[in-house]
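Peer 1: Sharing a structure here in structure tokens format.
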Amino acid sequence: RNIYFARGKVLGGSSCLNVCLHHRGSRKDYDSWGVPGWSSANVLEYFKMSQDDKTGRDPKFHGTGGEWTMDEVKYQNPLSKKFLEIGAAAGLGSNDDFNNWDREQDGVGRFQVSEKKGARVSGATAFLSKAMKRKNLKVRTGTMVRRINFDSTKTSTGVTYDLLGDDSCKVKIYHETFLLTAVIMQAKCAYKYIFYTRFIHLMHTAIQLHAQRGRRSSSHWWSHWQSTVAYVQWSRTCQSPQRTWRRSC
């Protein structure tokens with residue numbers, strides 16, 4: 001089946017247009033990777049460090065004073081509350097905190113959101129806005145990475161990118177840290193320039209080279225069930241003897 005998946009081609013990426021759910025995934029996912037430095041115990045420290053929890057939840061899994069704010073949704077439809085009550089009564093169980101890794105992810109409950117005073121928190125507002133004040137940072141928008149560049153030893157040396165139609169722009173790496181970022185479904189755009197098999201090969205090569213330098217890169221997909229509660233009122237019109245109906249939401 002086809003699923004519409006919008007991409008955030010703005011500063012902050014898709015964190016500027018998603019549904020703001022503040023969710024880290026399951027502890028089992030991180031531990032099952034078997035990647036040094038990426039276990040649930042390792043990443044939890046950084047999750048807490050960057051978080052500013054406004055809900056007062058368990059400090060074992062939540063932090064305060066960080067850049068990424070977590071709060072409750074300011075409004076809840078009365079039908080949503082009833083939906084949760086019925087789900088719990090039906091034996092599905094309740095879950096008040098899906099980021100509590102001492103328990104399973106099962107149960108019905110409300111997600112917390114990445115909001116601050118009712119406004120969305122994105123990667124740009126939480127982190128980039130402050131970092132852009134640094135003299136050693138330059139942000140280039142309207143660009144598209146075309147290829148990862150390697151030297152004769154197959155070590156990545158930088159990237160070639162397109163800037164406003166000029167696809168010969170390059171960024172060279174002079175330090176040991178190379179941050180490779182990607183947007184979900186961005187590979188679709190790369191098809192115009194790199195065959196799919198070559199693209200995958202480059203990605204694996206980059207990750208392997210990065211791993212040899214003491215780092216690992218992993219990606220994670222989290223699929224969740226959610227229910228949207230809407231109230232629909234049906235009213236009978238008097239304009240026709242055939243009993244036509246009007247739907248209002």
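Chain labels A, B, ... are given in the sequence in which chains occur in the structure tokens; within each chain residues are numbered consecutively from 1, and ligands are likewise numbered from 1 in the order shown.
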Quick one: residues within 7 Å of Tyr161 of chain A, only C-alpha atoms counted, chain neighbours fewer than 4 positions away excluded, as an NGL selection string?

Peer 2: :A and (143-146 or 167-170)

Peer 1: Take the residues just selected and output them with N, CA, C and O atoms as a short mmCIF file (atom, residue, chain, number, x, y, z; two decimals), in the first residue's frame.

Peer 2:
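The new file again-v1.cif reads:
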data_model
loop_
_atom_site.label_atom_id
_atom_site.label_comp_id
_atom_site.auth_asym_id
_atom_site.auth_seq_id
_atom_site.Cartn_x
_atom_site.Cartn_y
_atom_site.Cartn_z
N THR A 143 20.51 23.14 -0.57
CA THR A 143 21.55 22.24 -1.08
C THR A 143 21.06 20.81 -1.13
O THR A 143 20.11 20.44 -0.44
N MET A 144 21.72 20.00 -1.93
CA MET A 144 21.42 18.56 -2.03
C MET A 144 22.73 17.81 -2.19
O MET A 144 23.48 18.06 -3.14
N VAL A 145 23.02 16.91 -1.26
CA VAL A 145 24.25 16.13 -1.34
C VAL A 145 24.16 15.15 -2.50
O VAL A 145 23.17 14.43 -2.64
N ARG A 146 25.19 15.12 -3.35
CA ARG A 146 25.20 14.25 -4.52
C ARG A 146 26.04 13.00 -4.32
O ARG A 146 25.71 11.93 -4.80
N ASP A 167 26.34 21.78 -9.18
CA ASP A 167 26.56 20.50 -8.52
C ASP A 167 28.04 20.17 -8.32
O ASP A 167 28.41 19.01 -8.13
N SER A 168 28.89 21.17 -8.37
CA SER A 168 30.33 20.93 -8.18
C SER A 168 30.84 21.44 -6.83
O SER A 168 32.04 21.43 -6.57
N CYS A 169 29.93 21.88 -5.97
CA CYS A 169 30.34 22.38 -4.66
C CYS A 169 30.83 21.23 -3.78
O CYS A 169 30.26 20.14 -3.79
N LYS A 170 31.86 21.48 -3.02
CA LYS A 170 32.44 20.44 -2.18
C LYS A 170 32.72 20.95 -0.77
O LYS A 170 33.00 22.13 -0.57
#

Peer 1: List the neighbours of Arg103 of chain A out to 12 Å using only C-alpha atoms; skip same-chain residues closer than 2 positions along the sequence, and give me the result as number ranges by chain.

Peer 2: A: 26-28, 61, 93-101, 105-107

Peer 1: Produce a file of the selected residues containing C-alpha atoms, as a PDB file, in the first residue's frame.

Peer 2:
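Once written, part-v1.pdb looks like this:
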ATOM      1  CA  SER A  26      11.605   0.569  22.811  1.00  0.00           C
ATOM      2  CA  ARG A  27      14.575  -0.280  24.997  1.00  0.00           C
ATOM      3  CA  LYS A  28      14.757  -3.674  23.277  1.00  0.00           C
ATOM      4  CA  PHE A  61      13.884   8.244  32.502  1.00  0.00           C
ATOM      5  CA  GLY A  93      -3.960  -2.037  29.867  1.00  0.00           C
ATOM      6  CA  SER A  94      -2.953   1.552  30.534  1.00  0.00           C
ATOM      7  CA  ASN A  95       0.329   3.275  29.799  1.00  0.00           C
ATOM      8  CA  ASP A  96       0.954   6.737  31.184  1.00  0.00           C
ATOM      9  CA  ASP A  97       4.534   7.002  29.934  1.00  0.00           C
ATOM     10  CA  PHE A  98       5.724   5.297  26.761  1.00  0.00           C
ATOM     11  CA  ASN A  99       9.270   6.450  27.557  1.00  0.00           C
ATOM     12  CA  ASN A 100       9.339   4.459  30.785  1.00  0.00           C
ATOM     13  CA  TRP A 101      11.706   1.622  29.924  1.00  0.00           C
ATOM     14  CA  GLN A 105       5.247  -0.470  25.509  1.00  0.00           C
ATOM     15  CA  ASP A 106       1.834  -2.163  25.601  1.00  0.00           C
ATOM     16  CA  GLY A 107      -1.256  -0.310  26.773  1.00  0.00           C
TER      17      GLY A 107
END

Peer 1: Do a neighbour search on Gly65 of chain A at 7 Å with only C-alpha atoms, toss out local chain neighbours closer than 2 positions, and write the hits as a list in words.

Peer 2: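 Listing them by chain and then by number gives Gln51, Asp52, Gly63 and Glu67 of chain A.
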
Peer 1: Can you write out the residues you just picked, keeping C-alpha atoms, as a PDB file, in the first residue's frame?

Peer 2:
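As a result, part-v3.pdb now contains:
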ATOM      1  CA  GLN A  51      15.411  16.886  27.668  1.00  0.00           C
ATOM      2  CA  ASP A  52      13.423  19.465  29.614  1.00  0.00           C
ATOM      3  CA  GLY A  63      15.629  15.006  32.573  1.00  0.00           C
ATOM      4  CA  GLU A  67      17.029  21.966  25.086  1.00  0.00           C
TER       5      GLU A  67
END

Peer 1: Please identify all polymer residues within 9 Å of Lys9 of chain A, counting only C-alpha atoms, omitting same-chain residues fewer than 3 positions from it, and present them as number ranges by chain.

Peer 2: A: 12-14, 142, 183

Peer 1: Fewer than 6 positions away in the same chain doesn't count, so skip those; otherwise give me all residues within 7 Å of Ile148 of chain A, counting only C-alpha atoms, as a ChimeraX atom specification.

Peer 2: /A:156,158-160

Peer 1: What are the DSSP alpha helix (DSSP H) residues of segment 96-171 of chain A, as a JSON list (two decimals) with all heavy atoms, in the first residue's frame?

Peer 2:
[["chain", "number", "residue", "atom", "x", "y", "z"],
["A", 123, "GLY", "N", 14.17, 20.48, 15.85],
["A", 123, "GLY", "CA", 15.62, 20.43, 15.93],
["A", 123, "GLY", "C", 16.24, 21.80, 15.72],
["A", 123, "GLY", "O", 17.30, 22.11, 16.26],
["A", 129, "SER", "N", 19.24, 26.94, 16.57],
["A", 129, "SER", "CA", 19.13, 28.39, 16.76],
["A", 129, "SER", "C", 20.23, 28.93, 17.66],
["A", 129, "SER", "O", 20.76, 30.03, 17.43],
["A", 129, "SER", "CB", 17.75, 28.73, 17.36],
["A", 129, "SER", "OG", 17.58, 28.08, 18.61],
["A", 130, "LYS", "N", 20.62, 28.16, 18.65],
["A", 130, "LYS", "CA", 21.70, 28.59, 19.55],
["A", 130, "LYS", "C", 23.06, 28.39, 18.89],
["A", 130, "LYS", "O", 23.95, 29.23, 19.00],
["A", 130, "LYS", "CB", 21.63, 27.81, 20.86],
["A", 130, "LYS", "CG", 20.36, 28.04, 21.65],
["A", 130, "LYS", "CD", 20.34, 27.20, 22.92],
["A", 130, "LYS", "CE", 19.05, 27.42, 23.70],
["A", 130, "LYS", "NZ", 19.01, 26.58, 24.93],
["A", 131, "ALA", "N", 23.22, 27.26, 18.19],
["A", 131, "ALA", "CA", 24.51, 26.94, 17.58],
["A", 131, "ALA", "C", 24.86, 27.89, 16.44],
["A", 131, "ALA", "O", 26.04, 28.11, 16.15],
["A", 131, "ALA", "CB", 24.51, 25.50, 17.08]]

Peer 1: Using only C-alpha atoms, pick whichever of A:Asp58, A:Glu72, A:Val35, A:Tyr174 has the shortest atom-to-atom distance to Ala119 of chain A.

Peer 2: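 Among A:Asp58, A:Glu72, A:Val35, A:Tyr174, it is A:Glu72 that comes nearest to Ala119 of chain A.
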
Peer 1: Need the shell around Met70 of chain A: protein/DNA/RNA residues with any atom at most 7 Å away, counting only C-alpha atoms. Skip same-chain ones fewer than 4 positions apart. Format as an MDAnalysis selection string?

Peer 2: chainID A and resid 22 52:54 112:115

Peer 1: Okay, now the selection with N, CA and C atoms, as a PDB file, in the first residue's frame?

Peer 2:
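To be explicit, this is the file written out as out21.pdb:
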ATOM      1  N   HIS A  22       6.590  12.789  21.506  1.00  0.00           N
ATOM      2  CA  HIS A  22       7.891  12.705  22.166  1.00  0.00           C
ATOM      3  C   HIS A  22       8.120  11.249  22.569  1.00  0.00           C
ATOM      4  N   ASP A  52      13.966  18.583  28.585  1.00  0.00           N
ATOM      5  CA  ASP A  52      13.423  19.465  29.614  1.00  0.00           C
ATOM      6  C   ASP A  52      11.977  19.037  29.863  1.00  0.00           C
ATOM      7  N   ASP A  53      11.800  18.118  30.799  1.00  0.00           N
ATOM      8  CA  ASP A  53      10.494  17.536  31.085  1.00  0.00           C
ATOM      9  C   ASP A  53       9.650  18.498  31.916  1.00  0.00           C
ATOM     10  N   LYS A  54       8.496  18.863  31.397  1.00  0.00           N
ATOM     11  CA  LYS A  54       7.586  19.761  32.096  1.00  0.00           C
ATOM     12  C   LYS A  54       6.420  19.016  32.747  1.00  0.00           C
ATOM     13  N   GLN A 112       3.164  12.106  25.207  1.00  0.00           N
ATOM     14  CA  GLN A 112       3.581  13.471  25.484  1.00  0.00           C
ATOM     15  C   GLN A 112       4.088  14.076  24.164  1.00  0.00           C
ATOM     16  N   VAL A 113       4.226  15.379  24.137  1.00  0.00           N
ATOM     17  CA  VAL A 113       4.581  16.052  22.888  1.00  0.00           C
ATOM     18  C   VAL A 113       5.807  16.944  23.072  1.00  0.00           C
ATOM     19  N   SER A 114       6.464  17.220  21.970  1.00  0.00           N
ATOM     20  CA  SER A 114       7.615  18.124  21.958  1.00  0.00           C
ATOM     21  C   SER A 114       7.100  19.539  21.742  1.00  0.00           C
ATOM     22  N   GLU A 115       6.702  20.160  22.821  1.00  0.00           N
ATOM     23  CA  GLU A 115       6.163  21.509  22.779  1.00  0.00           C
ATOM     24  C   GLU A 115       6.705  22.325  23.948  1.00  0.00           C
TER      25      GLU A 115
END

Peer 1: What does the distance between atom CA of Gly165 of chain A and atom CA of Ser15 of chain A come to in Å, to one decimal place?

Peer 2: 26.6 Å

Peer 1: Of the residues A:Thr155, A:Arg24, A:Thr141, A:Glu85, which is the one nearest to Ser40 of chain A, using only C-alpha atoms?

Peer 2: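 Of A:Thr155, A:Arg24, A:Thr141, A:Glu85, the one nearest Ser40 of chain A is A:Arg24, counting only C-alpha atoms.
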
Peer 1: Report, in Å with one decimal, the straight-line distance from atom CA of Asn18 of chain A to atom CA of Thr69 of chain A.

Peer 2: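 It comes out at 15.4 Å.
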
Peer 1: Write out as a PyMOL selection string each polymer residue whose atoms come within 9 Å of Ala41 of chain A, counting only C-alpha atoms; drop sequence neighbours fewer than 2 positions from it.

Peer 2: chain A and resi 27+30-31+37-39+43-45

Peer 1: Figure out the distance between atom CA of Gly118 of chain A and atom CA of Met132 of chain A, please, to one decimal in Å.

Peer 2: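 Straight-line distance from atom CA of Met132 of chain A to atom CA of Gly118 of chain A works out to 24.0 Å.
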